[in-house]
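Listing of run.cif; format and content: mmCIF, C-alpha atoms.
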```cif
data_model
loop_
_atom_site.label_atom_id
_atom_site.label_comp_id
_atom_site.auth_asym_id
_atom_site.auth_seq_id
_atom_site.Cartn_x
_atom_site.Cartn_y
_atom_site.Cartn_z
CA MET A 1 85.76 103.88 120.09
CA LYS A 2 82.83 104.78 117.88
CA ILE A 3 83.10 105.56 114.19
CA GLU A 4 80.79 108.53 113.69
CA SER A 5 81.27 109.18 110.00
CA LEU A 6 83.59 108.55 107.13
CA LYS A 7 84.48 110.45 104.00
CA VAL A 8 86.09 108.80 100.99
CA ASP A 9 87.85 111.45 98.91
CA GLY A 10 88.93 108.82 96.39
CA TYR A 11 89.41 105.07 96.77
CA GLY A 12 88.61 102.41 94.18
CA VAL A 13 85.13 103.11 92.75
CA TRP A 14 84.32 105.65 95.49
CA SER A 15 84.90 109.36 95.04
CA GLY A 16 83.34 112.04 97.25
CA LEU A 17 81.39 109.53 99.37
CA LYS A 18 80.33 110.71 102.83
CA LEU A 19 78.54 108.48 105.35
CA ASP A 20 77.21 110.28 108.41
CA ARG A 21 75.43 109.05 111.52
CA LEU A 22 76.69 105.49 111.60
CA ASP A 23 74.92 103.38 114.19
CA GLU A 24 76.61 102.78 117.54
CA GLY A 25 76.01 99.06 117.10
CA LEU A 26 76.32 96.94 114.02
CA ASN A 27 76.44 98.58 110.60
CA VAL A 28 75.73 96.42 107.56
CA PHE A 29 76.51 97.55 104.03
CA CYS A 30 74.61 95.62 101.39
CA GLY A 31 74.20 95.96 97.64
CA PRO A 32 74.56 94.08 94.38
CA ASN A 33 77.84 92.59 93.16
CA GLU A 34 80.42 95.23 92.22
CA ALA A 35 78.58 97.94 94.19
CA GLY A 36 81.72 98.75 96.21
CA LYS A 37 81.04 97.00 99.54
CA THR A 38 84.45 95.31 99.71
CA THR A 39 86.10 98.52 98.54
CA LEU A 40 84.47 100.39 101.42
CA MET A 41 85.69 97.76 103.90
CA GLN A 42 89.21 97.99 102.44
CA PHE A 43 89.03 101.78 102.71
CA MET A 44 88.34 101.50 106.43
CA ARG A 45 91.20 99.05 106.84
CA SER A 46 93.46 101.46 104.92
CA MET A 47 92.49 104.35 107.15
CA PHE A 48 93.36 102.42 110.31
CA PHE A 49 96.33 100.35 109.14
CA GLY A 50 97.73 102.08 106.06
CA PHE A 51 97.84 101.46 102.34
CA SER A 52 99.27 97.94 102.27
CA SER A 53 100.48 96.54 98.96
CA ASP A 54 97.24 94.53 98.69
CA ARG A 55 95.08 97.60 99.32
CA ARG A 56 97.07 99.76 96.90
CA ARG A 57 95.19 98.06 94.05
CA TYR A 58 92.35 100.46 94.93
CA LEU A 59 94.61 103.41 94.08
CA PRO A 60 94.46 105.63 92.15
CA PRO A 61 90.69 106.08 92.46
CA VAL A 62 88.74 104.96 89.37
CA HIS A 63 86.55 108.09 89.26
CA GLY A 64 89.16 110.60 90.39
CA GLY A 65 89.43 112.39 93.68
CA ARG A 66 92.26 112.69 96.11
CA PRO A 67 93.43 109.19 97.08
CA GLY A 68 92.40 108.56 100.68
CA GLY A 69 89.92 110.08 103.09
CA GLN A 70 88.89 110.60 106.69
CA ILE A 71 87.13 108.88 109.54
CA GLU A 72 85.51 110.81 112.41
CA LEU A 73 85.86 108.98 115.73
CA ALA A 74 84.81 109.44 119.33
CA ASN A 75 85.99 107.73 122.50
CA ALA A 76 86.28 108.52 126.19
CA GLU A 77 89.15 110.92 125.42
CA GLY A 78 87.10 113.03 122.98
CA ARG A 79 86.49 113.40 119.26
CA PHE A 80 89.10 112.84 116.56
CA ARG A 81 89.48 113.02 112.79
CA LEU A 82 91.75 110.37 111.29
CA SER A 83 92.99 111.35 107.82
CA ARG A 84 95.18 109.39 105.45
CA HIS A 85 96.00 110.34 101.86
CA ASP A 86 98.36 108.79 99.34
CA ASP A 87 99.54 111.89 97.50
CA ASP A 88 102.11 114.65 97.72
CA GLU A 89 99.62 117.00 99.45
CA ALA A 90 99.62 114.80 102.56
CA PRO A 91 101.56 116.22 105.51
CA GLY A 92 104.49 114.03 106.44
CA PRO A 93 105.37 110.87 104.55
CA LYS A 94 103.02 109.86 101.75
CA GLY A 95 100.20 107.69 103.10
CA SER A 96 100.88 108.42 106.77
CA ALA A 97 98.06 109.01 109.24
CA VAL A 98 97.22 112.37 110.75
CA VAL A 99 94.90 112.43 113.76
CA ALA A 100 93.39 115.77 114.72
CA ALA A 101 91.70 116.19 118.09
CA ALA A 102 88.71 118.52 118.60
CA ASP A 103 91.00 121.07 120.28
CA GLY A 104 93.25 121.21 117.20
CA THR A 105 96.03 119.03 118.62
CA ARG A 106 97.62 116.85 115.94
CA HIS A 107 98.99 113.36 116.39
CA GLY A 108 100.84 110.99 114.07
CA GLU A 109 100.71 107.33 113.13
CA PRO A 110 101.38 105.89 116.63
CA PHE A 111 98.22 107.55 117.98
CA VAL A 112 96.05 105.42 115.66
CA GLY A 113 96.98 102.38 117.80
CA THR A 114 95.84 104.29 120.87
CA LEU A 115 92.49 105.06 119.23
CA LEU A 116 92.11 101.38 118.38
CA SER A 117 92.92 100.42 121.99
CA GLY A 118 95.78 98.26 120.75
CA VAL A 119 93.61 96.13 118.44
CA ASP A 120 95.90 94.82 115.72
CA GLU A 121 95.04 94.40 112.05
CA PRO A 122 94.27 90.65 112.06
CA THR A 123 91.89 91.07 115.00
CA PHE A 124 90.22 94.08 113.37
CA ASN A 125 89.79 92.16 110.10
CA HIS A 126 88.32 89.06 111.75
CA VAL A 127 86.17 90.62 114.46
CA PHE A 128 85.26 94.20 113.54
CA ALA A 129 85.25 94.28 109.72
CA VAL A 130 83.82 90.99 108.51
CA GLY A 131 83.04 90.48 104.83
CA LEU A 132 80.58 88.27 103.01
CA ARG A 133 83.18 85.54 102.47
CA GLU A 134 83.64 85.06 106.22
CA ILE A 135 79.88 85.01 106.79
CA GLN A 136 79.36 82.47 103.98
CA GLU A 137 82.02 80.22 105.49
CA LEU A 138 80.09 80.19 108.78
CA GLY A 139 76.95 79.07 106.95
CA THR A 140 78.65 75.91 105.69
CA LEU A 141 79.70 74.74 109.16
CA GLY A 142 77.88 72.64 111.70
CA ASP A 143 77.01 74.11 115.10
CA LEU A 144 80.17 72.86 116.85
CA GLU A 145 82.42 73.85 113.96
CA ALA A 146 80.87 77.32 113.83
CA ALA A 147 81.28 77.76 117.58
CA ALA A 148 84.93 76.68 117.34
CA LEU A 149 85.54 79.11 114.49
CA LEU A 150 83.94 81.98 116.40
CA PHE A 151 86.08 81.21 119.45
CA ARG A 152 89.17 81.12 117.22
CA LEU A 153 88.27 84.50 115.72
CA SER A 154 87.94 86.10 119.13
CA ALA A 155 91.25 87.40 120.34
CA GLY A 156 92.72 86.11 123.56
CA LEU A 157 96.15 86.77 124.95
CA ASP A 158 98.38 87.13 121.90
CA ARG A 159 95.48 85.79 119.76
CA VAL A 160 95.51 82.41 121.49
CA SER A 161 92.28 80.61 120.71
CA LEU A 162 90.18 79.41 123.64
CA VAL A 163 89.38 76.29 121.60
CA ASP A 164 93.12 75.56 121.15
CA VAL A 165 93.76 76.05 124.87
CA MET A 166 90.91 73.71 125.78
CA ARG A 167 92.21 71.14 123.29
CA GLU A 168 95.70 71.29 124.88
CA LEU A 169 94.28 70.89 128.40
#
```

Transcribe the structure of this file into structure tokens.
Amino acid sequence: MKIESLKVDGYGVWSGLKLDRLDEGLNVFCGPNEAGKTTLMQFMRSMFFGFSSDRRRYLPPVHGGRPGGQIELANAEGRFRLSRHDDDEAPGPKGSAVVAAADGTRHGEPFVGTLLSGVDEPTFNHVFAVGLREIQELGTLGDLEAAALLFRLSAGLDRVSLVDVMREL
């Protein structure tokens, strides 16, 4: 799956933000403290996994706008638009996902898991959406400790760490 663009209608400090042409590889968002980097990461997590109680602190948006947004995705099956809004205008239950395919077909919340190829939220948060805190923690470790942490972050069968398996053997 490739994230092609995202549009924040309203989430935390962001209102009317549109990011097009994201790179197929690594995308790094940098800026000064309080610029909204963590908010943007939490927005992406909200789009894929819902408005958890922790992420609801970003709602309602500080500068107005409809709470929620969209992510444009592409995979081997085609192109999709994932939308999630936390208001009464949203189709279906408040905060639920709507996935629209290029041909107009609409899918609900379960299809988001299909788009993510079954990647669960902890794996997404530790492998695909890493924040400054996680990177800083790596910098304080020695080579072996860092390698062990990276192995632990990578998901095995039911998130079993390769390091833990090797330790047991």

Discussion item. Given the PyMOL selection byres ((chain A and resi 47) around 8) and the file above, list the residues it selects as JSON, numbers by chain.
Written reply: {"A": [43, 44, 45, 46, 48, 49, 50, 51, 68, 69, 70, 71, 82, 83, 84, 97]}

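With distances taken over only C-alpha atoms, A:Leu73 is the one residue among A:Gly92, A:Leu73, A:Arg56, A:Val130 lying closest to A:Arg21.
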
Practice prompt. Tell me, as a ChimeraX atom specification, which residues lie within 10 Å of A:Gly104, counting all atoms listed in the file; anything in the same chain fewer than 4 positions away does not count.
Written response: /A:80,99-100

Residues just named, written with C-alpha atoms as a PDB file, in the coordinates of the input:
```pdb
ATOM      1  CA  PHE A  80      89.100 112.840 116.560  1.00  0.00           C
ATOM      2  CA  VAL A  99      94.900 112.430 113.760  1.00  0.00           C
ATOM      3  CA  ALA A 100      93.390 115.770 114.720  1.00  0.00           C
TER       4      ALA A 100
END
```

Practice prompt. Find the distance between atom CA of A:Leu144 and atom CA of A:Gly131 and write it in Å to one decimal.
Written response: 21.5 Å

Fill in: Minimum-distance residue to A:Pro91, chosen among A:Gly64, A:Pro32, A:Gly10, A:Gly108 (using only C-alpha atoms)
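Going through A:Gly64, A:Pro32, A:Gly10, A:Gly108 one by one, the smallest distance to A:Pro91 is for A:Gly108.
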
Item to complete: Could you tell me which of A:Met41, A:Ala76, A:Val8, A:Val62 comes closest to A:Asn125 if we count only C-alpha atoms?
Response: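 Selected residue with least distance to A:Asn125: A:Met41.
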
Worksheet item: Taking into account only C-alpha atoms, which residue in the set A:Asp120, A:Asp9, A:Glu72, A:Asp103 is nearest to A:Leu40?
Response: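 Closest to A:Leu40, using only C-alpha atoms: A:Asp9.
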
Discussion item. Under the PyMOL selection byres ((chain A and resi 22-26) around 7), which residues of this model are included? Write them out as a VMD selection string.
Written reply: chain A and resid 2 to 5 20 to 21 27 to 28

Practice prompt. Please indicate the distance in Å from atom CA of A:Val13 to atom CA of A:His107, rounded to one decimal place.
Written response: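 Computed distance, atom CA of A:Val13 to atom CA of A:His107, equals 29.3 Å.
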
Item to complete: Quick one: pull the distance between atom CA of A:Ala35 and atom CA of A:Gly12, Å, one decimal.
Response: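 Here the two named atoms are 11.0 Å from each other.
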
Discussion item. Applying 6 Å and only C-alpha atoms, which residues near A:His85 remain after dropping the ones on its own chain fewer than 4 positions away? List them as JSON, numbers by chain.
Written reply: {"A": [67, 68, 90, 95]}

Worksheet entry | Given only C-alpha atoms as the counted atoms, nearest of A:Arg57, A:Gln42, A:Ser117, A:Leu6 to A:Glu77 |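 Nearest candidate to A:Glu77 out of A:Arg57, A:Gln42, A:Ser117, A:Leu6: A:Ser117.
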
Practice prompt. For each of A:Gly118, A:Gly31, A:Ser52, A:Pro61, take the minimum atom-to-atom distance to A:Ser96, counting all atoms listed in the file, then give the residue where this is smallest.
Written response: A:Ser52
